[in-house]
Each structure stands twice: as C-alpha cells, then as structure tokens.
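**Q** So that you have it, the file is coords32.txt, and it contains compact mmCIF, C-alpha atoms:
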# COMPACT_ATOMS: atom_id res chain seq x y z
CA MET A 1320 12.63 34.38 13.17
CA ILE A 1321 9.49 34.42 15.29
CA ILE A 1322 7.23 31.39 15.41
CA ALA A 1323 3.82 32.29 16.82
CA ILE A 1324 1.77 29.45 18.30
CA ASP A 1325 -1.78 30.24 19.41
CA GLY A 1326 -4.73 28.19 20.57
CA PRO A 1327 -7.22 27.59 23.38
CA ALA A 1328 -6.45 26.08 26.79
CA ALA A 1329 -4.89 22.58 26.82
CA SER A 1330 -4.59 22.43 23.03
CA GLY A 1331 -0.95 21.44 23.43
CA LYS A 1332 0.67 24.86 22.97
CA SER A 1333 3.16 24.77 25.83
CA THR A 1334 4.40 21.22 25.32
CA VAL A 1335 4.70 21.62 21.57
CA ALA A 1336 6.22 25.11 21.70
CA ARG A 1337 8.88 24.01 24.20
CA GLU A 1338 9.86 21.07 22.03
CA VAL A 1339 9.98 23.17 18.85
CA ALA A 1340 12.16 25.73 20.63
CA LYS A 1341 14.45 22.99 21.91
CA ARG A 1342 14.90 21.41 18.50
CA LEU A 1343 15.57 24.72 16.79
CA GLY A 1344 17.63 26.25 19.58
CA TYR A 1345 15.21 29.19 19.88
CA LYS A 1346 14.13 31.22 22.90
CA TYR A 1347 10.81 29.99 24.31
CA ILE A 1348 8.25 32.47 25.63
CA ASP A 1349 5.04 31.33 27.33
CA THR A 1350 2.91 34.49 27.39
CA GLY A 1351 0.12 32.69 29.22
CA ALA A 1352 2.51 32.17 32.11
CA MET A 1353 2.89 35.93 32.36
CA TYR A 1354 -0.86 36.41 32.84
CA ARG A 1355 -0.88 33.54 35.30
CA ALA A 1356 1.98 35.09 37.25
CA VAL A 1357 0.08 38.37 37.57
CA THR A 1358 -3.02 36.42 38.62
CA TRP A 1359 -1.07 34.47 41.23
CA LYS A 1360 0.39 37.71 42.62
CA ALA A 1361 -3.03 39.35 42.78
CA LEU A 1362 -4.53 36.38 44.62
CA LYS A 1363 -1.58 36.24 47.00
CA GLU A 1364 -1.94 39.92 47.83
CA LYS A 1365 -5.73 39.53 48.06
CA ILE A 1366 -6.39 42.10 45.36
CA ASP A 1367 -9.89 42.03 43.91
CA ILE A 1368 -9.29 40.64 40.39
CA THR A 1369 -12.21 42.67 39.03
CA LYS A 1370 -10.53 45.96 40.04
CA ALA A 1371 -8.88 46.96 36.76
CA ASP A 1372 -6.84 49.86 38.18
CA ALA A 1373 -5.23 47.74 40.89
CA ILE A 1374 -4.51 44.81 38.59
CA THR A 1375 -3.09 47.10 35.90
CA ALA A 1376 -0.75 48.74 38.41
CA LEU A 1377 0.41 45.30 39.51
CA ALA A 1378 1.04 44.17 35.91
CA ARG A 1379 2.93 47.32 34.99
CA GLY A 1380 5.18 47.17 38.03
CA ALA A 1381 5.82 43.43 38.12
CA ASP A 1382 9.21 42.05 37.16
CA ILE A 1383 8.35 38.89 35.22
CA GLU A 1384 11.14 36.64 34.04
CA ILE A 1385 11.00 33.42 32.02
CA THR A 1386 14.27 31.54 32.06
CA ASP A 1387 15.81 29.78 29.08
CA LEU A 1388 15.04 26.15 28.36
CA LYS A 1389 17.23 23.55 30.02
CA ASP A 1390 16.37 19.98 29.08
CA THR A 1391 12.82 21.14 28.19
CA GLN A 1392 12.40 22.72 31.65
CA TYR A 1393 11.85 26.42 32.27
CA ARG A 1394 11.11 28.58 35.28
CA VAL A 1395 8.75 31.53 35.73
CA PHE A 1396 9.52 34.25 38.25
CA ILE A 1397 7.57 37.29 39.38
CA ASP A 1398 9.37 39.86 41.50
CA GLY A 1399 12.10 37.33 42.18
CA GLU A 1400 9.79 34.53 43.34
CA ASP A 1401 9.69 31.21 41.48
CA VAL A 1402 6.02 30.56 40.68
CA THR A 1403 6.47 27.92 37.97
CA GLU A 1404 4.31 25.36 39.73
CA ALA A 1405 2.05 27.71 41.69
CA ILE A 1406 0.65 29.41 38.58
CA ARG A 1407 -0.76 26.09 37.33
CA SER A 1408 -3.11 25.61 40.28
CA PRO A 1409 -6.89 25.33 39.68
CA LYS A 1410 -7.36 28.56 41.66
CA VAL A 1411 -5.14 30.52 39.29
CA SER A 1412 -6.68 28.81 36.25
CA ALA A 1413 -10.15 29.86 37.39
CA ALA A 1414 -9.16 33.51 37.75
CA VAL A 1415 -6.67 34.15 34.95
CA SER A 1416 -9.23 34.87 32.20
CA THR A 1417 -10.81 37.62 34.31
CA ILE A 1418 -7.44 39.35 34.57
CA ALA A 1419 -6.42 38.60 30.98
CA LYS A 1420 -9.45 40.40 29.58
CA ILE A 1421 -8.46 43.73 31.18
CA GLY A 1422 -7.27 45.83 28.25
CA ARG A 1423 -4.64 47.81 30.13
CA VAL A 1424 -3.17 44.64 31.59
CA ARG A 1425 -2.83 43.17 28.12
CA THR A 1426 -1.20 46.37 26.87
CA ALA A 1427 1.34 46.23 29.70
CA LEU A 1428 2.20 42.58 29.16
CA VAL A 1429 2.29 42.82 25.36
CA LYS A 1430 4.91 45.55 25.78
CA LYS A 1431 6.98 43.19 27.94
CA GLN A 1432 6.51 40.36 25.43
CA ARG A 1433 7.64 42.45 22.48
CA SER A 1434 10.71 43.57 24.40
CA TYR A 1435 12.04 40.01 24.21
CA ALA A 1436 12.45 40.44 20.45
CA ASP A 1437 15.10 43.11 21.11
CA THR A 1438 17.26 40.48 22.80
CA TYR A 1439 16.33 37.25 21.04
CA PRO A 1440 16.18 37.27 17.21
CA ASN A 1441 14.80 33.72 17.13
CA MET A 1442 11.83 32.87 19.37
CA VAL A 1443 8.93 30.46 19.73
CA VAL A 1444 6.15 32.46 21.37
CA GLU A 1445 2.90 30.86 22.46
CA GLY A 1446 -0.37 32.28 23.73
CA ARG A 1447 -3.77 33.34 22.46
CA ASP A 1448 -3.05 36.55 20.55
CA ILE A 1449 0.53 36.12 19.36
CA GLY A 1450 -0.11 35.89 15.63
CA THR A 1451 -2.90 38.48 15.67
CA VAL A 1452 -1.68 41.15 18.11
CA VAL A 1453 1.72 40.61 19.72
CA PHE A 1454 3.68 39.60 16.62
CA PRO A 1455 1.36 39.99 13.62
CA ASP A 1456 4.39 39.92 11.28
CA ALA A 1457 5.72 36.61 12.64
CA GLU A 1458 7.31 34.55 9.89
CA ALA A 1459 5.47 31.39 10.93
CA LYS A 1460 2.04 31.24 12.54
CA VAL A 1461 0.33 28.16 13.94
CA PHE A 1462 -3.07 27.74 15.57
CA LEU A 1463 -3.49 24.56 17.61
CA THR A 1464 -6.88 23.17 18.53
CA ALA A 1465 -8.42 19.97 19.90
CA SER A 1466 -11.83 18.77 21.04
CA PRO A 1467 -12.99 20.07 24.45
CA ILE A 1468 -13.10 16.58 25.97
CA GLU A 1469 -9.58 15.76 24.78
CA ARG A 1470 -8.30 19.04 26.18
CA ALA A 1471 -10.08 18.33 29.46
CA LYS A 1472 -8.43 14.90 29.72
CA ARG A 1473 -5.02 16.45 29.12
CA ARG A 1474 -5.54 19.16 31.69
CA GLN A 1475 -6.88 16.63 34.20
CA ARG A 1476 -3.69 14.56 33.80
CA GLU A 1477 -1.55 17.64 34.34
CA LEU A 1478 -3.46 18.57 37.47
CA LYS A 1479 -3.31 15.03 38.82
CA GLU A 1480 0.49 15.03 38.44
CA LYS A 1481 0.57 18.18 40.60
CA GLY A 1482 -1.67 16.69 43.26
CA HIS A 1483 -4.97 18.28 42.19
CA LYS A 1484 -7.87 15.86 41.72
CA LEU A 1485 -10.80 17.07 39.64
CA GLU A 1486 -13.45 15.21 37.67
CA VAL A 1487 -12.94 15.41 33.91
CA THR A 1488 -16.45 16.84 33.50
CA THR A 1489 -15.53 19.68 35.84
CA VAL A 1490 -12.34 20.37 33.94
CA GLU A 1491 -14.19 20.29 30.62
CA ARG A 1492 -16.77 22.77 31.91
CA ASP A 1493 -14.02 25.11 33.11
CA ILE A 1494 -12.22 24.89 29.76
CA ILE A 1495 -15.37 25.67 27.78
CA THR A 1496 -16.07 28.64 30.06
CA ARG A 1497 -12.55 29.92 29.63
CA ASP A 1498 -12.77 29.49 25.85
CA LYS A 1499 -15.87 31.69 25.80
CA ILE A 1500 -14.27 34.39 27.94
CA ASP A 1501 -11.07 34.39 25.89
CA ALA A 1502 -12.84 34.43 22.53
CA THR A 1503 -15.34 37.17 23.40
CA ARG A 1504 -13.18 39.64 25.34
CA ILE A 1505 -12.97 43.10 23.76
CA THR A 1506 -9.20 43.42 23.81
CA SER A 1507 -7.08 40.89 21.91
CA PRO A 1508 -9.57 38.01 21.85
CA LEU A 1509 -8.48 34.46 21.17
CA ALA A 1510 -8.58 34.18 17.38
CA LYS A 1511 -6.84 32.48 14.51
CA ALA A 1512 -4.72 34.77 12.37
CA PRO A 1513 -5.87 34.67 8.72
CA ASP A 1514 -2.49 33.33 7.65
CA ALA A 1515 -2.06 30.81 10.49
CA TYR A 1516 -1.61 27.10 9.82
CA VAL A 1517 -4.27 25.18 11.76
CA ILE A 1518 -3.39 21.87 13.42
CA ASP A 1519 -6.03 19.76 15.17
CA THR A 1520 -4.04 17.91 17.83
CA THR A 1521 -6.90 15.70 19.06
CA ASP A 1522 -5.58 12.49 17.50
CA LYS A 1523 -1.94 13.48 17.02
CA THR A 1524 1.12 12.79 19.14
CA ILE A 1525 3.36 15.59 20.38
CA GLY A 1526 6.05 14.40 17.98
CA GLN A 1527 3.71 14.57 14.99
CA VAL A 1528 2.60 18.11 15.81
CA VAL A 1529 6.18 19.27 16.41
CA GLN A 1530 7.28 17.82 13.07
CA LEU A 1531 4.44 19.56 11.24
CA ILE A 1532 5.58 22.88 12.70
CA ILE A 1533 9.24 22.20 11.92
CA ASN A 1534 8.26 21.46 8.32
CA LEU A 1535 6.29 24.71 8.18
CA VAL A 1536 9.29 26.64 9.52
CA LYS A 1537 11.57 25.12 6.89
CA LYS A 1538 9.16 26.25 4.16
CA SER A 1539 9.05 29.75 5.67
Show the structure stored in the file as structure tokens.
**A**
Amino acid sequence: MIIAIDGPAASGKSTVAREVAKRLGYKYIDTGAMYRAVTWKALKEKIDITKADAITALARGADIEITDLKDTQYRVFIDGEDVTEAIRSPKVSAAVSTIAKIGRVRTALVKKQRSYADTYPNMVVEGRDIGTVVFPDAEAKVFLTASPIERAKRRQRELKEKGHKLEVTTVERDIITRDKIDATRITSPLAKAPDAYVIDTTDKTIGQVVQLIINLVKKS
C-alpha cells in the first residue's frame, strides 16, 4: 500500500509521514530530501542552479539513498556522503525550488522515486506531487496545509535547533515565495489531488494528524 502525503513547506509532512511509517511499519520516503540533496551537491560543486543541462546531468547521475527509519531517525546520502543535516540549511532551502522546477530534473527523480515501489510494497511517500504525479494510484492520499505564519514558526524552530537564527518574518516571506514557485511551475506543480483528504494542521498536534491518517488508511 502506498500512502501519499503532499503539502507546502513546513506543513508538517516530514514529521507526520515519519510517524505514520513508524506506526505502520512502512518504508518512509522523503522526496523533498532528494531535491535538496541535488541542490546541496550543485551548490557544493558551484554549479549554476539556473543551468538546466548541468543540473539535470547531476540529478541523473547522482546516487541518492534514504535509509530506513530507526527510532524515527533516517539518513540521506548522495554519492555516499551523509547530507541529512546539510540539506536543511537556509542556503539549500533558498535554492531548492529553482532546481525542483526543472522538468528534466523532476523526471529523473520521479523515476528514482517510483523504483522504490519495486522493493517496498508498503510505503509512506511525502512531497509536493506524490498523489498527482509520482503515485497517482496511491491507495491513500493526504494533503496537509497550515497558515503561512504557523509554518514559518515551525520552520524557525527547526532552524534554531540547527544553529540558524532567522526572524520569523523572514522565514514567512521565504515560505510564501517558495509556495508561489512550487504552485506555478510548469512541471508537476504543488497541487492537491482531487481525491486527497485535506488536513489543516495549524491547530492540531502531530499525534492528532497522525491518527487522522491512520484512520484514513484503515478505511482504505
């Protein structure tokens, strides 16, 4: 069974998806981490992120691995290098949407994402186009959302824990900008699948959201 969880930045996708996967014993796939890994690699190698040919070649050739959950922790590797923490930096966050809107990059990474289904029959997959493009036939589809200011506060807390200090207004502005880029890109824009179950997480706890999804899965 594939559970597709989509939504904008800081809507709670990663935290909720990891917990759902843990409770069900499913494989967890963070597709956003794959785009971040490519972005991190491009920045490290000083590749112009607006050069589609160069970024596409990087995405096609990269060996991206997401390890299994262990006590709700997971690791992201690109070409053998652990980038789990590095891909969450403000610098990567500011650049990832530019890379993610390149059609050929998305095609390359969607192919990698779908390949997981050949190995893992049960998965929780989260991103921005999972229920609409990557796995349109997923048995359960969820779209998480929250107010921009609430998402900004969440992201600010995450960044602070990693040693990055940004004003919440700056974070909110960046989130709104990223929302616009993600929702208006030509290839695989951020969108709610027609048959997705929408959950506004603004005033809900992680546990409440997880339980709503577990209930949905049981009905499916």
**Q** If you count all atoms listed in the file, which residues fall within 12 Å of Val1461 (chain A), apart from same-chain ones fewer than 3 positions away, as an MDAnalysis selection string?
**A** chainID A and resid 1321:1326 1330:1332 1335:1336 1339 1443:1451 1455 1457:1458 1464 1510:1520 1528:1529 1531:1536
**Q** For the selection just defined, write its residues with C-alpha atoms to a file, as a PDB file, in the coordinates of the input.
**A**
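Writing the result to part-v7.pdb gives the following:
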ATOM      1  CA  ILE A1321       9.490  34.420  15.290  1.00  0.00           C
ATOM      2  CA  ILE A1322       7.230  31.390  15.410  1.00  0.00           C
ATOM      3  CA  ALA A1323       3.820  32.290  16.820  1.00  0.00           C
ATOM      4  CA  ILE A1324       1.770  29.450  18.300  1.00  0.00           C
ATOM      5  CA  ASP A1325      -1.780  30.240  19.410  1.00  0.00           C
ATOM      6  CA  GLY A1326      -4.730  28.190  20.570  1.00  0.00           C
ATOM      7  CA  SER A1330      -4.590  22.430  23.030  1.00  0.00           C
ATOM      8  CA  GLY A1331      -0.950  21.440  23.430  1.00  0.00           C
ATOM      9  CA  LYS A1332       0.670  24.860  22.970  1.00  0.00           C
ATOM     10  CA  VAL A1335       4.700  21.620  21.570  1.00  0.00           C
ATOM     11  CA  ALA A1336       6.220  25.110  21.700  1.00  0.00           C
ATOM     12  CA  VAL A1339       9.980  23.170  18.850  1.00  0.00           C
ATOM     13  CA  VAL A1443       8.930  30.460  19.730  1.00  0.00           C
ATOM     14  CA  VAL A1444       6.150  32.460  21.370  1.00  0.00           C
ATOM     15  CA  GLU A1445       2.900  30.860  22.460  1.00  0.00           C
ATOM     16  CA  GLY A1446      -0.370  32.280  23.730  1.00  0.00           C
ATOM     17  CA  ARG A1447      -3.770  33.340  22.460  1.00  0.00           C
ATOM     18  CA  ASP A1448      -3.050  36.550  20.550  1.00  0.00           C
ATOM     19  CA  ILE A1449       0.530  36.120  19.360  1.00  0.00           C
ATOM     20  CA  GLY A1450      -0.110  35.890  15.630  1.00  0.00           C
ATOM     21  CA  THR A1451      -2.900  38.480  15.670  1.00  0.00           C
ATOM     22  CA  PRO A1455       1.360  39.990  13.620  1.00  0.00           C
ATOM     23  CA  ALA A1457       5.720  36.610  12.640  1.00  0.00           C
ATOM     24  CA  GLU A1458       7.310  34.550   9.890  1.00  0.00           C
ATOM     25  CA  THR A1464      -6.880  23.170  18.530  1.00  0.00           C
ATOM     26  CA  ALA A1510      -8.580  34.180  17.380  1.00  0.00           C
ATOM     27  CA  LYS A1511      -6.840  32.480  14.510  1.00  0.00           C
ATOM     28  CA  ALA A1512      -4.720  34.770  12.370  1.00  0.00           C
ATOM     29  CA  PRO A1513      -5.870  34.670   8.720  1.00  0.00           C
ATOM     30  CA  ASP A1514      -2.490  33.330   7.650  1.00  0.00           C
ATOM     31  CA  ALA A1515      -2.060  30.810  10.490  1.00  0.00           C
ATOM     32  CA  TYR A1516      -1.610  27.100   9.820  1.00  0.00           C
ATOM     33  CA  VAL A1517      -4.270  25.180  11.760  1.00  0.00           C
ATOM     34  CA  ILE A1518      -3.390  21.870  13.420  1.00  0.00           C
ATOM     35  CA  ASP A1519      -6.030  19.760  15.170  1.00  0.00           C
ATOM     36  CA  THR A1520      -4.040  17.910  17.830  1.00  0.00           C
ATOM     37  CA  VAL A1528       2.600  18.110  15.810  1.00  0.00           C
ATOM     38  CA  VAL A1529       6.180  19.270  16.410  1.00  0.00           C
ATOM     39  CA  LEU A1531       4.440  19.560  11.240  1.00  0.00           C
ATOM     40  CA  ILE A1532       5.580  22.880  12.700  1.00  0.00           C
ATOM     41  CA  ILE A1533       9.240  22.200  11.920  1.00  0.00           C
ATOM     42  CA  ASN A1534       8.260  21.460   8.320  1.00  0.00           C
ATOM     43  CA  LEU A1535       6.290  24.710   8.180  1.00  0.00           C
ATOM     44  CA  VAL A1536       9.290  26.640   9.520  1.00  0.00           C
TER      45      VAL A1536
END
**Q** A:Val1487, A:Val1424, A:Ala1419, A:Ile1348: which is nearest Asp1372 (chain A), counting only C-alpha atoms?
**A** A:Val1424
**Q** Could you tell me which of A:Leu1463, A:Leu1509, A:Ala1413, A:Val1395 comes closest to Arg1492 (chain A) if we count all atoms listed in the file?
**A**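 The answer is A:Ala1413, which sits nearest to Arg1492 (chain A).
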**Q** For Tyr1347 (chain A), which residue out of A:Lys1430, A:Lys1484, A:Arg1425, A:Arg1394 is the nearest one, using only C-alpha atoms?
**A**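 Checking each candidate against Tyr1347 (chain A), we get A:Arg1394 as the closest.
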**Q** Counting all atoms listed in the file, write as a count of residues only all protein and nucleic acid residues lying at most 7 Å from (4.5, 39.5, 19.7) in the file's frame.
**A** 8
**Q** Extract, using all atoms listed in the file, all DNA, RNA and protein residues at most 10 Å from Trp1359 (chain A), discarding same-chain residues fewer than 2 positions from it, and format them as a list in words.
**A**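 Surrounding residues, per the criterion: Met1353, Tyr1354, Arg1355, Ala1356, Val1357, Ala1361, Leu1362, Lys1363, Glu1364, Lys1365, Ile1397, Val1402, Ala1405, Ile1406, Arg1407, Ser1408, Lys1410, Val1411, Ser1412, Ala1414 and Val1415 of chain A.
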**Q** Would you please work out which residue, of A:Ile1383, A:Lys1346, A:Lys1420, A:Thr1375, is nearest to Asp1498 (chain A) when using all atoms listed in the file?
**A** A:Lys1420
**Q** Out of A:Ser1539, A:Leu1343, A:Gly1399, A:Leu1377, which residue has the shortest atom-to-atom distance to Lys1460 (chain A) when counting only C-alpha atoms?
**A**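 Closest to Lys1460 (chain A), using only C-alpha atoms: A:Ser1539.
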